[in-house]
Amino acid sequence: MKVLALINKNAGAAARKGDIERAVRDGFAERGIEADVRLVDGREVGELARRFVGENKSRSGRGSILVVGGGDGTLGSAASALVGTDLLLGVLPLGTLNHFAKDLAVPLDLTAAIDTIATGKPLAVDVAEVNGRVFLNNSSIGIYPFFVAKRSAEQRRRGFGKLAAIGPALMRTLRSASWQAVHVAAQGTRERLRTPCVFVGNNFYDIADLGHRRSLSSKELCVYVVKQQSWFGLALLPFKIAFGMIDATRDLEIYRAKSLQITSHRRAMLVSLDGEAVSMETPLNFQIRPAALKVLAPAKKSKTGGRG
């Protein structure tokens, strides 16, 4: 078994675990696995993953495993290289939120996560993409990517962690964000909407339990378009979601589709991809790629593809 482990040295949990490189290497060695463990900058992960694919694309099954330690954005960078190959992705949840790991039922404890990679079973999961950029969890336009950009700015400016930067970033977002006029084409229909946010999920997110998916292999996008409302109503929206009080009919337009196109009068839009904000040219073309990524999951997870 060939294992390359790329650990994002800037990931929140990685920075708190002391000598994370040694801990991961020793963890695999205790299970009889020799792993090449590298502590790298998050921006390097995508390129190193592509190099790994180039060196191992003739292999299949459990012969070659790329282990990635970091948050959802780091995992998404690596997944972009692995999509459509038979190479396996092992997940070490070392980020702040770790949504993908949670939905995959990978334990958040480092030792248990290494156990999952050593003893787990391959599971083919869907990925989504927008204009060729892969995302594992969700993508959005409007107020959320604006918030992500402001949060990142607060982290750089004040030296905050991601959680500490949320409050100041949210205040700046509510003061500065604007409504967007977009055309949304899905399921053979096309609508013009004014909205503060369009959320596109890789597989279905239950609005009553937003942030979690019961399946990673339903072969569809989940699309929530927030309807135009007062700024007070918009400010209340996160709390209504958190307490299960959102009215799906009054507050949202909902689509479930294989593909989706968003057009705008703007030549480019700020788009979030698994919590990272990037500028992308319009139109934005989203699609689902069923069973395109092979990951190592706990054995009970691999039987159903649902949450354990």
# chains A, B, ... in the order shown; residues from 1 in each chain; ligands from 1
>>> residues_around(residues="region 260-276 of chain A", least_positions_apart="4", cutoff="6 Å", atoms="only C-alpha atoms", output="list in words")
Asp72, Gly73, Phe135, Asn137, Asn138, Ser139, Ser140, Ile141, Pro145, Val182, His183, Val184, Ala185, Ala186, Met280, Glu281, Thr282, Pro283, Leu284, Asn285 and Phe286 of chain A
>>> atom_distance(atom1="CA of Val198 (chain A)", atom2="CA of Met245 (chain A)")
19.2 Å
>>> closest_residue(among="A:Gln229, A:Ile288, A:Glu44, A:Gln180", to="Arg192 (chain A)", atoms="only C-alpha atoms")
A:Gln180
>>> residues_around(residues="region 252-258 of chain A", least_positions_apart="4", cutoff="12 Å", atoms="only C-alpha atoms", output="ChimeraX atom specification")
/A:126-129,184-207,218-229,234,237,241,246-248,285-290
>>> write_last_selection(atoms="C-alpha atoms", output="short mmCIF file (atom, residue, chain, number, x, y, z; two decimals), in the first residue's frame")
data_model
loop_
_atom_site.label_atom_id
_atom_site.label_comp_id
_atom_site.auth_asym_id
_atom_site.auth_seq_id
_atom_site.Cartn_x
_atom_site.Cartn_y
_atom_site.Cartn_z
CA ASP A 126 -20.80 12.37 -5.74
CA VAL A 127 -18.99 15.64 -6.28
CA ALA A 128 -20.37 18.85 -7.74
CA GLU A 129 -18.68 21.44 -9.86
CA VAL A 184 -31.76 30.67 -12.52
CA ALA A 185 -32.25 27.90 -15.09
CA ALA A 186 -32.97 24.41 -13.75
CA GLN A 187 -35.30 21.50 -14.51
CA GLY A 188 -36.28 23.04 -17.85
CA THR A 189 -37.43 26.33 -16.32
CA ARG A 190 -35.81 29.77 -16.18
CA GLU A 191 -36.71 32.40 -13.58
CA ARG A 192 -35.51 35.92 -12.90
CA LEU A 193 -35.05 36.43 -9.18
CA ARG A 194 -33.77 39.11 -6.83
CA THR A 195 -32.01 37.41 -3.98
CA PRO A 196 -29.36 37.96 -1.31
CA CYS A 197 -28.10 34.39 -1.65
CA VAL A 198 -28.24 31.26 -3.79
CA PHE A 199 -27.03 28.07 -2.08
CA VAL A 200 -26.11 25.02 -4.17
CA GLY A 201 -25.44 21.78 -2.32
CA ASN A 202 -23.72 18.62 -3.49
CA ASN A 203 -26.60 16.28 -2.58
CA PHE A 204 -29.60 17.19 -0.47
CA TYR A 205 -29.36 19.44 2.58
CA ASP A 206 -32.44 19.30 4.80
CA ILE A 207 -33.28 22.93 5.58
CA SER A 218 -28.16 10.88 -4.40
CA LYS A 219 -26.91 12.13 -7.80
CA GLU A 220 -28.51 15.58 -7.56
CA LEU A 221 -27.88 19.17 -6.65
CA CYS A 222 -29.89 20.83 -3.90
CA VAL A 223 -30.58 24.50 -4.63
CA TYR A 224 -31.97 27.08 -2.20
CA VAL A 225 -32.68 30.60 -3.46
CA VAL A 226 -33.42 33.03 -0.62
CA LYS A 227 -36.42 35.17 -1.53
CA GLN A 228 -36.25 38.95 -1.38
CA GLN A 229 -37.20 40.29 2.03
CA LEU A 234 -32.57 38.52 6.35
CA LEU A 237 -32.81 34.02 8.71
CA ILE A 241 -32.71 28.05 10.28
CA ILE A 246 -37.83 28.68 8.50
CA ASP A 247 -40.82 28.63 6.18
CA ALA A 248 -39.63 26.92 2.99
CA ASN A 285 -22.73 26.35 -14.74
CA PHE A 286 -23.27 23.84 -11.96
CA GLN A 287 -23.52 20.08 -12.39
CA ILE A 288 -23.44 16.89 -10.33
CA ARG A 289 -20.83 14.20 -11.04
CA PRO A 290 -22.25 10.96 -9.63
#
>>> closest_residue(among="A:Leu216, A:Leu6, A:Ala79, A:Ile114", to="Phe28 (chain A)", atoms="only C-alpha atoms")
A:Ile114
>>> residues_around(residues="Leu296 (chain A)", least_positions_apart="6", cutoff="8 Å", atoms="only C-alpha atoms", output="MDAnalysis selection string")
chainID A and resid 88:91 116:117 120:123
>>> atom_distance(atom1="CA of Ala11 (chain A)", atom2="CA of Leu94 (chain A)")
6.1 Å
>>> atom_distance(atom1="CA of Ser259 (chain A)", atom2="CA of His212 (chain A)")
20.9 Å
